[in-house]
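Before any comments, here is the structure.
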Amino acid sequence: MTKTWKTVVACMLIFSLILSACGNKEEAAATTSDGKRVLKVWGMGAEGTALSKIVPDFEKANPDIKVEVQAIPWDNAHDKLLTAVASKKGPDVVQMGLGWIPEFADAGALLDLSSYTDKYPNLKVDNFFKGAQQTMTYNDQLVGIPWYIDTRVLFYRADLLKEVGYNEPPKTWTELKDAATKLAARGNGNYGILLDSQDQVFTLPFAWENGSEVIGSDNKAQFNQPPYVDAVKYLSSFFTEKLAPSQVDLKLLPSFGEGIIPMFISGPWSVQQIKDELPDLKDDQWGTVTIPAKDESGKSASILGGSSLSVFSSATNKDDAAKFISYMNEPEVQVKWYELTKDLPSTTKAWEDKSLASNKDIQTFRTQMDTARPAPFVKPWESIADLIKAAMQEITIGGADVQEQMDQVNSQADDLLAN
């Protein structure tokens with residue numbers, strides 16, 4: 001969808017919401033032939049498919065509700081949501097990528113769930129990790145309830161690090177650079193680390209650790225300020241010094257198994273992938289650790305991802321929608337959802353379950369969650385992230401000057417933030 005068409009659809013969305021607000025009555029929720037209220041739910045990607053496996057438990061507990069789940073591929077989900085909200089023919093409950101919430105909330109497309117928190121305490125903000133709490137409200141309205149979350153940590157080959165003098169994984173920027181240098185010195189096509197410079201959130205943890213807020217409380221970009229620029233210079237040095245491949249044509253997991261890529265940053269999904277695809281790699285040969293801090297006195301930082309559940313403001317079955325979202329955030333349901341999908345629970349209470357508390361494979365992620373933060377919660381973040389990706393490509397592949405690139409990003413980002 002072109003930017004022009006997106007603008008047209010967004011305007012249609014706002015206009016349709018205004019008309020809806022002017023109506024004298026709300027359309028009644030659909031019912032089945034046997035009188036059950038229909039609750040329409042849209043889930044994205046693999047989660048949308050998996051939802052159908054957990055819905056029967058909800059329906060059993062609520063025999064007067066029939067849940068209709070539609071699974072939507074992530075690739076066209078954003079445009080489908082825009083069209084659905086504009087036409088007022090969307091679902092009642094919708095899975096939202098965290099970065100989309102400001103855009104839809106700003107247009108008035110998401111219902112304020114504040115009035116439901118007394119009836120459904122699972123919707124209250126204090127049930128969730130601090131990072132996730134930052135994604136729940138927009139303009140003082142409760143518009144998104146974290147459903148599952150993830151964060152990024154450092155994966156490493158413990159055996160190879162020991163060979164270059166590291167009995168423990170690197171915990172600071174200096175150690176990470178030193179370890180990568182020594183690992184790359186093995187030669188024969190080996191590198192020290194894989195850094196995905198085309199990941200839109202690649203720079204954020206290091207910028208935060210270095211003192212940047214990325215976008216300040218005054219809604220001004222900070223990409224050309226020393227804390228952010230110095231973090232980019234640090235990261236880009238891995239590429240200029242050939243410690244990390246600049247153009248990744250290597251398959252990550254086979255390269256990790258062979259030791260070509262002995263360190264990389266990724267999310268919880270990589271844990272199971274390593275177990276499934278590298279069965280010969282023993283548990284004591286690899287591990288995970290929180291993102292290295294700037295120095296020994298600093299704190300680790302990481303990006304918080306995942307999805308939330310929201311209710312469209314044009315939904316015809318708002319009450320049951322709130323009940324469904326509350327159900328999905330019951331601690332025992334969150335644990336069951338993890339067992340089904342390996343998506344990490346968003347509620348802190350769920351992590352107290354022994355099946356999670358005793359799972360060493362995900363405890364690093366639990367630790368990292370305490371300092372994980374979402375990408376800046378501003379409406380134009382997706383467009384700003386594209387600017388960062390383009391700049392990082394110019395820096396890491398084209399050899400462009402870091403300060404010049406960040407000056408350009410900052411100017412363009414401020415223009416986007418001002419609109």
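Just remember, in the structure tokens the first chain shown is A, the second B, etc., residues are 1-based per chain, and ligands are 1-based in the order shown.
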Skipping near chain neighbours, those fewer than 3 positions away, what residues fall within 8 Å of stretch 30-39 of chain A using only C-alpha atoms, listed as a ChimeraX atom specification?
/A:63-68,91-93,316-317,320-321
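Omitting A:Phe128 and its sequence neighbours fewer than 5 positions away, and counting only C-alpha atoms, the residues within 9 Å are A:Gln133, A:Pro146, A:Ser346, A:Thr347, A:Thr348, A:Lys349.
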File dump, residues just selected, all heavy atoms, as a PDB file, in the first residue's frame:
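Output below, filename again_24.pdb:
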ATOM      1  N   GLN A 133       4.410  -2.002  30.566  1.00  0.00           N
ATOM      2  CA  GLN A 133       3.461  -0.986  31.028  1.00  0.00           C
ATOM      3  C   GLN A 133       3.498   0.259  30.152  1.00  0.00           C
ATOM      4  O   GLN A 133       2.483   0.945  29.980  1.00  0.00           O
ATOM      5  CB  GLN A 133       3.770  -0.607  32.480  1.00  0.00           C
ATOM      6  CG  GLN A 133       3.492  -1.718  33.479  1.00  0.00           C
ATOM      7  CD  GLN A 133       3.880  -1.345  34.900  1.00  0.00           C
ATOM      8  OE1 GLN A 133       4.160  -0.174  35.193  1.00  0.00           O
ATOM      9  NE2 GLN A 133       3.909  -2.322  35.791  1.00  0.00           N
ATOM     10  N   PRO A 146      -0.873  -6.146  27.260  1.00  0.00           N
ATOM     11  CA  PRO A 146       0.178  -7.067  26.813  1.00  0.00           C
ATOM     12  C   PRO A 146      -0.295  -8.525  26.872  1.00  0.00           C
ATOM     13  O   PRO A 146      -0.842  -8.960  27.894  1.00  0.00           O
ATOM     14  CB  PRO A 146       1.313  -6.806  27.807  1.00  0.00           C
ATOM     15  CG  PRO A 146       1.088  -5.398  28.269  1.00  0.00           C
ATOM     16  CD  PRO A 146      -0.407  -5.241  28.327  1.00  0.00           C
ATOM     17  N   SER A 346       3.372 -12.279  29.623  1.00  0.00           N
ATOM     18  CA  SER A 346       3.486 -10.832  29.845  1.00  0.00           C
ATOM     19  C   SER A 346       3.237 -10.460  31.297  1.00  0.00           C
ATOM     20  O   SER A 346       3.676  -9.412  31.754  1.00  0.00           O
ATOM     21  CB  SER A 346       2.497 -10.085  28.952  1.00  0.00           C
ATOM     22  OG  SER A 346       1.160 -10.476  29.259  1.00  0.00           O
ATOM     23  N   THR A 347       2.504 -11.308  32.032  1.00  0.00           N
ATOM     24  CA  THR A 347       2.192 -11.011  33.424  1.00  0.00           C
ATOM     25  C   THR A 347       3.281 -11.553  34.336  1.00  0.00           C
ATOM     26  O   THR A 347       3.726 -12.692  34.171  1.00  0.00           O
ATOM     27  CB  THR A 347       0.838 -11.611  33.835  1.00  0.00           C
ATOM     28  OG1 THR A 347       0.884 -13.032  33.657  1.00  0.00           O
ATOM     29  CG2 THR A 347      -0.280 -11.061  32.978  1.00  0.00           C
ATOM     30  N   THR A 348       3.702 -10.772  35.293  1.00  0.00           N
ATOM     31  CA  THR A 348       4.769 -11.206  36.199  1.00  0.00           C
ATOM     32  C   THR A 348       4.341 -12.405  37.037  1.00  0.00           C
ATOM     33  O   THR A 348       5.162 -13.262  37.383  1.00  0.00           O
ATOM     34  CB  THR A 348       5.203 -10.053  37.122  1.00  0.00           C
ATOM     35  OG1 THR A 348       4.055  -9.570  37.840  1.00  0.00           O
ATOM     36  CG2 THR A 348       5.801  -8.909  36.318  1.00  0.00           C
ATOM     37  N   LYS A 349       3.058 -12.494  37.355  1.00  0.00           N
ATOM     38  CA  LYS A 349       2.555 -13.590  38.185  1.00  0.00           C
ATOM     39  C   LYS A 349       2.761 -14.940  37.509  1.00  0.00           C
ATOM     40  O   LYS A 349       3.081 -15.937  38.170  1.00  0.00           O
ATOM     41  CB  LYS A 349       1.072 -13.367  38.475  1.00  0.00           C
ATOM     42  CG  LYS A 349       0.467 -14.327  39.486  1.00  0.00           C
ATOM     43  CD  LYS A 349       0.956 -14.032  40.889  1.00  0.00           C
ATOM     44  CE  LYS A 349       0.247 -14.896  41.917  1.00  0.00           C
ATOM     45  NZ  LYS A 349       0.776 -14.670  43.288  1.00  0.00           N
TER      46      LYS A 349
END
Identify, on the basis of only C-alpha atoms, every residue whose closest approach to A:Asn127 does not exceed 12 Å; exclude the query and any residue fewer than 5 positions from it along the same chain; express the result as a PyMOL selection string.
chain A and resi 117+120-122+132-133+136+145-147+326+329-331+345-351
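The neighbours of stretch 279-293 of chain A here are the residues that come within 6 Å of it, using only C-alpha atoms and leaving out any residue fewer than 6 positions away in the same chain; they are A:Val153, A:Leu154, A:Phe155, A:Tyr156, A:Arg157, A:Ala158, A:Asp159, A:Lys171, A:Thr172, A:Trp173, A:Lys299, A:Ser300, A:Thr364, A:Gln368.
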File dump, residues just selected, N, CA and C atoms, as an mmCIF file, in the first residue's frame:
data_model
loop_
_atom_site.group_PDB
_atom_site.id
_atom_site.type_symbol
_atom_site.label_atom_id
_atom_site.label_comp_id
_atom_site.auth_asym_id
_atom_site.auth_seq_id
_atom_site.Cartn_x
_atom_site.Cartn_y
_atom_site.Cartn_z
ATOM 1 N N VAL A 153 18.633 -11.237 23.989
ATOM 2 C CA VAL A 153 19.798 -11.472 24.834
ATOM 3 C C VAL A 153 20.952 -11.912 23.943
ATOM 4 N N LEU A 154 22.109 -12.095 24.545
ATOM 5 C CA LEU A 154 23.292 -12.528 23.800
ATOM 6 C C LEU A 154 23.421 -14.046 23.887
ATOM 7 N N PHE A 155 23.432 -14.696 22.734
ATOM 8 C CA PHE A 155 23.719 -16.130 22.641
ATOM 9 C C PHE A 155 25.216 -16.289 22.381
ATOM 10 N N TYR A 156 25.824 -17.287 22.996
ATOM 11 C CA TYR A 156 27.270 -17.444 22.841
ATOM 12 C C TYR A 156 27.682 -18.909 22.882
ATOM 13 N N ARG A 157 28.806 -19.198 22.231
ATOM 14 C CA ARG A 157 29.423 -20.513 22.300
ATOM 15 C C ARG A 157 30.396 -20.523 23.460
ATOM 16 N N ALA A 158 30.010 -21.149 24.548
ATOM 17 C CA ALA A 158 30.836 -21.165 25.757
ATOM 18 C C ALA A 158 32.173 -21.851 25.518
ATOM 19 N N ASP A 159 32.167 -22.923 24.740
ATOM 20 C CA ASP A 159 33.404 -23.659 24.504
ATOM 21 C C ASP A 159 34.421 -22.833 23.714
ATOM 22 N N LYS A 171 30.463 -9.248 29.631
ATOM 23 C CA LYS A 171 29.417 -8.526 30.371
ATOM 24 C C LYS A 171 29.471 -7.015 30.165
ATOM 25 N N THR A 172 30.499 -6.526 29.451
ATOM 26 C CA THR A 172 30.611 -5.096 29.178
ATOM 27 C C THR A 172 30.941 -4.886 27.705
ATOM 28 N N TRP A 173 30.821 -3.640 27.249
ATOM 29 C CA TRP A 173 31.167 -3.327 25.858
ATOM 30 C C TRP A 173 32.623 -3.684 25.571
ATOM 31 N N LYS A 299 23.946 -0.603 33.620
ATOM 32 C CA LYS A 299 22.920 -1.633 33.573
ATOM 33 C C LYS A 299 22.716 -2.123 32.145
ATOM 34 N N SER A 300 22.442 -3.401 32.036
ATOM 35 C CA SER A 300 22.092 -3.968 30.745
ATOM 36 C C SER A 300 20.756 -3.406 30.290
ATOM 37 N N THR A 364 17.369 -16.327 31.547
ATOM 38 C CA THR A 364 18.089 -15.122 31.102
ATOM 39 C C THR A 364 17.099 -14.084 30.585
ATOM 40 N N GLN A 368 16.449 -10.351 31.862
ATOM 41 C CA GLN A 368 16.543 -9.224 30.931
ATOM 42 C C GLN A 368 15.257 -8.411 30.898
#
List the neighbours of A:Asn419 out to 10 Å using only C-alpha atoms; skip same-chain residues closer than 4 positions along the sequence, and give me the result as a PyMOL selection string.
chain A and resi 379-380+414-415
Please determine, counting only C-alpha atoms, which residue among A:Phe238, A:Tyr138, A:Trp208, A:Met96 has the shortest atom-to-atom distance to A:Pro226.
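That would be A:Trp208, the residue with the smallest distance to A:Pro226.
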Where in stretch 204-329 of chain A does DSSP assign strand (DSSP E or B), given as a PyMOL selection string?
chain A and resi 215+221+263-266+286-289+293+302-312
Preceding selection exported with all heavy atoms as a compact mmCIF listing (two decimals), in the first residue's frame:
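Generated file (selection_29.txt):
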# COMPACT_ATOMS: atom_id res chain seq x y z
N ILE A 215 14.33 9.39 21.70
CA ILE A 215 13.39 10.49 21.49
C ILE A 215 13.05 11.04 22.86
O ILE A 215 12.56 10.32 23.73
CB ILE A 215 12.12 10.01 20.75
CG1 ILE A 215 12.49 9.55 19.35
CG2 ILE A 215 11.09 11.13 20.69
CD1 ILE A 215 11.35 8.92 18.58
N ALA A 221 13.93 14.29 18.46
CA ALA A 221 14.85 13.18 18.22
C ALA A 221 16.23 13.48 18.78
O ALA A 221 16.66 14.65 18.84
CB ALA A 221 14.94 12.91 16.73
N MET A 263 28.78 -15.77 18.43
CA MET A 263 27.91 -14.96 19.27
C MET A 263 26.89 -14.26 18.37
O MET A 263 27.20 -13.88 17.24
CB MET A 263 28.70 -13.89 20.05
CG MET A 263 29.69 -14.44 21.07
SD MET A 263 30.40 -13.14 22.16
CE MET A 263 31.41 -12.21 20.98
N PHE A 264 25.69 -14.11 18.89
CA PHE A 264 24.66 -13.33 18.18
C PHE A 264 23.60 -12.89 19.18
O PHE A 264 23.48 -13.46 20.27
CB PHE A 264 24.04 -14.12 17.03
CG PHE A 264 23.22 -15.32 17.44
CD1 PHE A 264 21.85 -15.24 17.61
CD2 PHE A 264 23.83 -16.56 17.64
CE1 PHE A 264 21.09 -16.35 17.97
CE2 PHE A 264 23.09 -17.68 18.00
CZ PHE A 264 21.71 -17.58 18.17
N ILE A 265 22.86 -11.87 18.82
CA ILE A 265 21.79 -11.34 19.67
C ILE A 265 20.45 -11.75 19.08
O ILE A 265 20.19 -11.53 17.89
CB ILE A 265 21.89 -9.81 19.79
CG1 ILE A 265 23.18 -9.43 20.52
CG2 ILE A 265 20.68 -9.24 20.51
CD1 ILE A 265 23.47 -7.94 20.53
N SER A 266 19.61 -12.36 19.92
CA SER A 266 18.32 -12.82 19.41
C SER A 266 17.33 -12.99 20.56
O SER A 266 17.66 -12.74 21.73
CB SER A 266 18.48 -14.13 18.63
OG SER A 266 17.28 -14.49 17.97
N TRP A 286 27.00 -24.00 24.86
CA TRP A 286 26.42 -22.71 24.50
C TRP A 286 25.57 -22.20 25.66
O TRP A 286 25.26 -22.94 26.59
CB TRP A 286 25.57 -22.82 23.23
CG TRP A 286 24.30 -23.62 23.40
CD1 TRP A 286 24.17 -24.98 23.41
CD2 TRP A 286 22.98 -23.10 23.60
NE1 TRP A 286 22.87 -25.35 23.59
CE2 TRP A 286 22.11 -24.23 23.71
CE3 TRP A 286 22.45 -21.82 23.69
CZ2 TRP A 286 20.73 -24.08 23.91
CZ3 TRP A 286 21.08 -21.68 23.88
CH2 TRP A 286 20.24 -22.79 23.99
N GLY A 287 25.25 -20.92 25.58
CA GLY A 287 24.45 -20.34 26.65
C GLY A 287 23.92 -18.98 26.24
O GLY A 287 24.12 -18.51 25.11
N THR A 288 23.23 -18.34 27.17
CA THR A 288 22.70 -17.00 26.95
C THR A 288 23.06 -16.11 28.13
O THR A 288 23.23 -16.60 29.25
CB THR A 288 21.17 -17.02 26.79
OG1 THR A 288 20.58 -17.58 27.98
CG2 THR A 288 20.74 -17.82 25.58
N VAL A 289 23.19 -14.83 27.87
CA VAL A 289 23.49 -13.85 28.91
C VAL A 289 22.83 -12.54 28.53
O VAL A 289 22.56 -12.30 27.34
CB VAL A 289 25.02 -13.68 29.08
CG1 VAL A 289 25.63 -12.99 27.86
CG2 VAL A 289 25.37 -12.93 30.36
N ALA A 293 26.54 -4.59 29.35
CA ALA A 293 26.34 -3.20 29.74
C ALA A 293 27.49 -2.33 29.24
O ALA A 293 28.54 -2.84 28.83
CB ALA A 293 26.23 -3.09 31.26
N SER A 302 17.73 -3.88 26.92
CA SER A 302 17.33 -4.63 25.74
C SER A 302 15.98 -4.13 25.26
O SER A 302 15.31 -3.36 25.93
CB SER A 302 17.28 -6.14 26.04
OG SER A 302 17.12 -6.88 24.84
N ILE A 303 15.61 -4.60 24.09
CA ILE A 303 14.35 -4.19 23.50
C ILE A 303 13.24 -5.10 23.97
O ILE A 303 13.44 -6.31 24.13
CB ILE A 303 14.43 -4.21 21.95
CG1 ILE A 303 13.20 -3.56 21.33
CG2 ILE A 303 14.66 -5.61 21.43
CD1 ILE A 303 13.15 -2.07 21.47
N LEU A 304 12.09 -4.55 24.21
CA LEU A 304 10.92 -5.34 24.58
C LEU A 304 10.00 -5.43 23.38
O LEU A 304 9.64 -4.43 22.78
CB LEU A 304 10.18 -4.72 25.76
CG LEU A 304 8.95 -5.52 26.22
CD1 LEU A 304 8.98 -5.76 27.71
CD2 LEU A 304 7.66 -4.80 25.82
N GLY A 305 9.66 -6.66 23.02
CA GLY A 305 8.75 -6.88 21.90
C GLY A 305 7.55 -7.68 22.34
O GLY A 305 7.29 -7.86 23.53
N GLY A 306 6.82 -8.19 21.38
CA GLY A 306 5.64 -8.98 21.69
C GLY A 306 4.41 -8.40 21.04
O GLY A 306 4.47 -7.63 20.08
N SER A 307 3.26 -8.77 21.58
CA SER A 307 1.98 -8.30 21.05
C SER A 307 1.02 -7.99 22.19
O SER A 307 1.13 -8.56 23.28
CB SER A 307 1.34 -9.34 20.14
OG SER A 307 1.97 -9.40 18.88
N SER A 308 0.07 -7.11 21.90
CA SER A 308 -0.99 -6.78 22.84
C SER A 308 -2.34 -7.18 22.25
O SER A 308 -2.46 -7.44 21.05
CB SER A 308 -0.98 -5.28 23.14
OG SER A 308 0.17 -4.91 23.87
N LEU A 309 -3.33 -7.23 23.10
CA LEU A 309 -4.70 -7.44 22.67
C LEU A 309 -5.47 -6.15 22.92
O LEU A 309 -5.40 -5.57 24.00
CB LEU A 309 -5.35 -8.60 23.43
CG LEU A 309 -4.77 -9.98 23.15
CD1 LEU A 309 -5.41 -11.02 24.06
CD2 LEU A 309 -4.96 -10.37 21.68
N SER A 310 -6.18 -5.69 21.91
CA SER A 310 -6.96 -4.47 22.00
C SER A 310 -8.38 -4.73 21.54
O SER A 310 -8.68 -5.76 20.92
CB SER A 310 -6.34 -3.36 21.14
OG SER A 310 -5.06 -3.00 21.60
N VAL A 311 -9.25 -3.77 21.83
CA VAL A 311 -10.64 -3.83 21.36
C VAL A 311 -10.88 -2.64 20.45
O VAL A 311 -10.54 -1.51 20.79
CB VAL A 311 -11.62 -3.78 22.56
CG1 VAL A 311 -13.07 -3.80 22.06
CG2 VAL A 311 -11.37 -4.92 23.52
N PHE A 312 -11.43 -2.91 19.27
CA PHE A 312 -11.76 -1.82 18.37
C PHE A 312 -12.86 -0.96 18.99
O PHE A 312 -13.81 -1.49 19.57
CB PHE A 312 -12.22 -2.34 17.02
CG PHE A 312 -11.11 -2.70 16.07
CD1 PHE A 312 -11.32 -3.65 15.08
CD2 PHE A 312 -9.88 -2.09 16.15
CE1 PHE A 312 -10.32 -3.98 14.18
CE2 PHE A 312 -8.87 -2.41 15.27
CZ PHE A 312 -9.08 -3.36 14.29
Can you work out which one of A:Glu213, A:Pro374, A:Leu235, A:Leu204 has the shortest atom-to-atom distance to A:Leu98, counting only C-alpha atoms?
A:Pro374
Do you have the atom CA of A:Ala322-atom CA of A:Ser115 distance handy?
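Answer for the atom CA of A:Ala322 to atom CA of A:Ser115 separation: 10.0 Å.
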So which bits of stretch 72-305 of chain A end up alpha helix (DSSP H) when you DSSP the backbone, as a PyMOL selection string?
chain A and resi 74-87+101-106+130-133+158-163+173-184+204-209+226-240+252-258+269-277
In Å, rounded to a single decimal, give me how far atom CA of A:Glu209 is from atom CA of A:Ser297.
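The value is 10.8 Å.
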Which is closest to A:Thr83 among A:Gly165, A:Val69, A:Leu250, A:Phe104, if we use only C-alpha atoms?
A:Phe104
Counting only C-alpha atoms, figure out which residue out of A:Glu296, A:Asp276, A:Asp218, A:Glu258 gets nearest to A:Tyr191.
A:Glu258
